[in-house]
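Written out below as structure tokens is the structure these notes cover.
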Amino acid sequence: RWIIFTRIGEMGGEQISSIGRGLCVLLGISLEDTQRELEHMVRKILNLRVFEDESGKHWSKSVMDKEYEVLCVSQFTLQCILKGNKPDYHMAMPTEQAECFYNNFLEQLRKAYKPELIKDGKFGAYMQVHIQNDGPVTIELESPAATVDPKQLTKLEKQQQRKEKTRTKVPSESSRERNAPRNKDDPSASSGAEGDVSSEREP
């Protein structure tokens with residue numbers, strides 16, 4: 001998921017990055033995200049009308065219209081799925097892939113806007129993020145392809161869990177014995193009738 005907050009960022013005991021008025025973008029990168037989703041979100045973020053115009057009319061101008069700054073922070077916890085009370089992050093893109101995706105995201109923002117107005121934090125670092133949320137205004141953005149029915153997601157997760165259990169299941173000794181083929185020359189082999197161990201009677 002992609003969430004936008006207005007505004008300002010300061011991180012850590014040492015200040016890594018900061019902006020004046022503008023957008024603070026908290027970016028959650030999913031396993032399923034592709035270049036298509038990236039380009040869609042870049043357009044949305046830069047053209048979203050969340051600022052007032054010169055006459056004070058709200059929801060009229062974008063960050064590009066106002067020539068404000070954009071501060072981006074990668075935040076994998078936005079991909080959290082709760083399992084009971086425990087957060088699970090298996091839907092987040094793995095770190096190495098996510099870093100490449102994040103850097104590409106920043107590059108596309110800088111190409112589409114003024115590069116000097118796009119700031120970012122430190123990927124993968126533990127940071128203290130201070131946001132002065134003006135309004136407050138918080139807007140969640142999701143690319144169309146990223147929208148998943150929660151019920152369907154739960155169903156898919158259960159199916160995956162069943163597959164994993166099937167792959168890891170090892171047959172017990174007793175089941176192996178039951179399934180082992182019988183040798184016709186084995187005198188203990190049964191003909192199928194309980195207690196009958198031979199097809200010929202002794203004289």
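In the structure tokens, chains take letters A, B, ... by order of appearance, with residues numbered from 1 within each chain and ligands from 1 in the order shown.
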Could you make a table, as a tab-separated table, of the residues of range 51-98 of chain A that have an atom within 9 Å of an atom of range 124-128 of chain A, each with its nearest atom pair and distance in Å to one decimal, counting only C-alpha atoms, in chain and number order?
residue	atom	partner	partner_atom	distance
A:Ser74	CA	A:Gly124	CA	7.7
A:Gln75	CA	A:Gly124	CA	8.6
A:Thr95	CA	A:Gly124	CA	7.9
Suppose we keep all heavy atoms; can you now write the selection as a PDB file, in the first residue's frame?
ATOM      1  N   SER A  74      10.745   4.723   2.746  1.00  0.00           N
ATOM      2  CA  SER A  74      10.328   3.340   2.504  1.00  0.00           C
ATOM      3  C   SER A  74       9.849   2.728   3.816  1.00  0.00           C
ATOM      4  O   SER A  74      10.538   2.803   4.831  1.00  0.00           O
ATOM      5  CB  SER A  74      11.503   2.539   1.950  1.00  0.00           C
ATOM      6  OG  SER A  74      11.138   1.192   1.788  1.00  0.00           O
ATOM      7  N   GLN A  75       8.652   2.118   3.796  1.00  0.00           N
ATOM      8  CA  GLN A  75       8.083   1.558   5.024  1.00  0.00           C
ATOM      9  C   GLN A  75       7.390   0.230   4.735  1.00  0.00           C
ATOM     10  O   GLN A  75       6.215   0.181   4.377  1.00  0.00           O
ATOM     11  CB  GLN A  75       7.099   2.551   5.658  1.00  0.00           C
ATOM     12  CG  GLN A  75       6.677   2.129   7.042  1.00  0.00           C
ATOM     13  CD  GLN A  75       5.899   3.214   7.771  1.00  0.00           C
ATOM     14  OE1 GLN A  75       5.692   4.312   7.271  1.00  0.00           O
ATOM     15  NE2 GLN A  75       5.453   2.892   8.961  1.00  0.00           N
ATOM     16  N   THR A  95      14.117  -7.466   0.778  1.00  0.00           N
ATOM     17  CA  THR A  95      14.915  -6.243   0.927  1.00  0.00           C
ATOM     18  C   THR A  95      15.688  -5.847  -0.330  1.00  0.00           C
ATOM     19  O   THR A  95      15.624  -4.688  -0.761  1.00  0.00           O
ATOM     20  CB  THR A  95      15.904  -6.408   2.102  1.00  0.00           C
ATOM     21  OG1 THR A  95      15.155  -6.763   3.270  1.00  0.00           O
ATOM     22  CG2 THR A  95      16.652  -5.119   2.364  1.00  0.00           C
TER      23      THR A  95
END
Based on DSSP run over this structure's backbone, return all residues of range 38-105 of chain A in helix (DSSP H, G or I), as a ChimeraX atom specification.
/A:38-47,63-66,76-79,95-105
Measure the distance from CA of Tyr102 in chain A to CA of Lys83 in chain A in Å and round it to one decimal.
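Going from CA of Tyr102 in chain A over to CA of Lys83 in chain A covers 26.9 Å.
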I want to know what sits within 10 Å of Ala98 in chain A, based on only C-alpha atoms, with residues of the same chain fewer than 3 positions away left out; could you give that as a list in words?
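So the residues in contact are Gly28, Ile29, Ser30, Leu31, Asp33, Ser74, Phe76, Ala92, Met93, Pro94, Thr95, Phe101, Tyr102, Asn103, Asn104, Phe123 and Gly124 of chain A.
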Convert the current residue selection to file output with N, CA, C and O atoms, as a PDB file, in the first residue's frame.
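Output file out.pdb follows:
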ATOM      1  N   GLY A  28       5.008   1.635   0.901  1.00  0.00           N
ATOM      2  CA  GLY A  28       5.010   0.200   1.195  1.00  0.00           C
ATOM      3  C   GLY A  28       5.064  -0.583  -0.098  1.00  0.00           C
ATOM      4  O   GLY A  28       4.166  -0.479  -0.932  1.00  0.00           O
ATOM      5  N   ILE A  29       6.115  -1.371  -0.294  1.00  0.00           N
ATOM      6  CA  ILE A  29       6.321  -2.075  -1.568  1.00  0.00           C
ATOM      7  C   ILE A  29       5.919  -3.537  -1.418  1.00  0.00           C
ATOM      8  O   ILE A  29       6.445  -4.261  -0.578  1.00  0.00           O
ATOM      9  N   SER A  30       4.985  -3.953  -2.264  1.00  0.00           N
ATOM     10  CA  SER A  30       4.451  -5.312  -2.214  1.00  0.00           C
ATOM     11  C   SER A  30       5.224  -6.248  -3.136  1.00  0.00           C
ATOM     12  O   SER A  30       5.859  -5.820  -4.108  1.00  0.00           O
ATOM     13  N   LEU A  31       5.130  -7.543  -2.841  1.00  0.00           N
ATOM     14  CA  LEU A  31       5.686  -8.581  -3.709  1.00  0.00           C
ATOM     15  C   LEU A  31       5.170  -8.471  -5.134  1.00  0.00           C
ATOM     16  O   LEU A  31       5.859  -8.824  -6.084  1.00  0.00           O
ATOM     17  N   ASP A  33       4.181  -5.737  -6.781  1.00  0.00           N
ATOM     18  CA  ASP A  33       4.374  -4.454  -7.461  1.00  0.00           C
ATOM     19  C   ASP A  33       5.318  -4.592  -8.649  1.00  0.00           C
ATOM     20  O   ASP A  33       6.326  -5.299  -8.584  1.00  0.00           O
ATOM     21  N   SER A  74      10.745   4.723   2.746  1.00  0.00           N
ATOM     22  CA  SER A  74      10.328   3.340   2.504  1.00  0.00           C
ATOM     23  C   SER A  74       9.849   2.728   3.816  1.00  0.00           C
ATOM     24  O   SER A  74      10.538   2.803   4.831  1.00  0.00           O
ATOM     25  N   PHE A  76       8.132  -0.876   4.910  1.00  0.00           N
ATOM     26  CA  PHE A  76       7.600  -2.199   4.593  1.00  0.00           C
ATOM     27  C   PHE A  76       6.446  -2.600   5.502  1.00  0.00           C
ATOM     28  O   PHE A  76       5.630  -3.450   5.142  1.00  0.00           O
ATOM     29  N   ALA A  92       5.383  -8.231   1.848  1.00  0.00           N
ATOM     30  CA  ALA A  92       6.340  -7.169   1.498  1.00  0.00           C
ATOM     31  C   ALA A  92       7.424  -7.733   0.588  1.00  0.00           C
ATOM     32  O   ALA A  92       7.843  -8.874   0.728  1.00  0.00           O
ATOM     33  N   MET A  93       7.871  -6.918  -0.336  1.00  0.00           N
ATOM     34  CA  MET A  93       8.942  -7.334  -1.247  1.00  0.00           C
ATOM     35  C   MET A  93      10.243  -7.537  -0.460  1.00  0.00           C
ATOM     36  O   MET A  93      10.550  -6.740   0.429  1.00  0.00           O
ATOM     37  N   PRO A  94      11.027  -8.604  -0.753  1.00  0.00           N
ATOM     38  CA  PRO A  94      12.304  -8.826  -0.075  1.00  0.00           C
ATOM     39  C   PRO A  94      13.236  -7.619  -0.196  1.00  0.00           C
ATOM     40  O   PRO A  94      13.169  -6.868  -1.181  1.00  0.00           O
ATOM     41  N   THR A  95      14.117  -7.466   0.778  1.00  0.00           N
ATOM     42  CA  THR A  95      14.915  -6.243   0.927  1.00  0.00           C
ATOM     43  C   THR A  95      15.688  -5.847  -0.330  1.00  0.00           C
ATOM     44  O   THR A  95      15.624  -4.688  -0.761  1.00  0.00           O
ATOM     45  N   PHE A 101      13.627  -1.313  -6.296  1.00  0.00           N
ATOM     46  CA  PHE A 101      12.324  -0.745  -6.647  1.00  0.00           C
ATOM     47  C   PHE A 101      12.207   0.681  -6.090  1.00  0.00           C
ATOM     48  O   PHE A 101      11.754   1.591  -6.783  1.00  0.00           O
ATOM     49  N   TYR A 102      12.614   0.858  -4.850  1.00  0.00           N
ATOM     50  CA  TYR A 102      12.539   2.170  -4.188  1.00  0.00           C
ATOM     51  C   TYR A 102      13.415   3.195  -4.904  1.00  0.00           C
ATOM     52  O   TYR A 102      12.998   4.334  -5.158  1.00  0.00           O
ATOM     53  N   ASN A 103      14.628   2.806  -5.262  1.00  0.00           N
ATOM     54  CA  ASN A 103      15.523   3.725  -5.973  1.00  0.00           C
ATOM     55  C   ASN A 103      14.968   4.089  -7.341  1.00  0.00           C
ATOM     56  O   ASN A 103      15.096   5.239  -7.802  1.00  0.00           O
ATOM     57  N   ASN A 104      14.331   3.127  -7.995  1.00  0.00           N
ATOM     58  CA  ASN A 104      13.690   3.387  -9.285  1.00  0.00           C
ATOM     59  C   ASN A 104      12.517   4.357  -9.115  1.00  0.00           C
ATOM     60  O   ASN A 104      12.300   5.256  -9.937  1.00  0.00           O
ATOM     61  N   PHE A 123      17.328   4.024   3.170  1.00  0.00           N
ATOM     62  CA  PHE A 123      16.629   2.750   2.989  1.00  0.00           C
ATOM     63  C   PHE A 123      17.124   1.714   3.995  1.00  0.00           C
ATOM     64  O   PHE A 123      18.314   1.489   4.167  1.00  0.00           O
ATOM     65  N   GLY A 124      16.154   1.049   4.667  1.00  0.00           N
ATOM     66  CA  GLY A 124      16.467  -0.037   5.586  1.00  0.00           C
ATOM     67  C   GLY A 124      16.969   0.395   6.954  1.00  0.00           C
ATOM     68  O   GLY A 124      17.186  -0.454   7.821  1.00  0.00           O
TER      69      GLY A 124
END
So how many Å separate CA of Gln108 in chain A and CA of Val42 in chain A, to one decimal?
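Atom-to-atom, CA of Gln108 in chain A to CA of Val42 in chain A, that is 7.1 Å.
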Nearest candidate to Gln15 in chain A (options A:Val129, A:Met41, A:Met91, A:Leu106; using only C-alpha atoms)
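Looking only at the distances to Gln15 in chain A, the closest residue turns out to be A:Val129.
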Spatial neighbours of Arg110 in chain A, 12 Å, only C-alpha atoms, chain gap at least 3 places, as a PyMOL selection string
chain A and resi 42-43+46+64+69-72+103-107+113-120
Under the rule that only C-alpha atoms are counted, which of A:Glu52, A:Glu96, A:Glu32, A:Ile45 is the nearest residue to Gln79 in chain A?
A:Glu32
Please, what distance in Å, to one decimal, runs between CA of Glu14 in chain A and CA of Glu140 in chain A?
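Computing it gives 29.1 Å between the two atoms.
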Of the candidates A:Val50, A:Ile131, A:Cys80, A:Cys100, which one gets nearest to Gln35 in chain A if we count only C-alpha atoms?
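Comparing A:Val50, A:Ile131, A:Cys80, A:Cys100 against Gln35 in chain A, the winner is A:Cys100.
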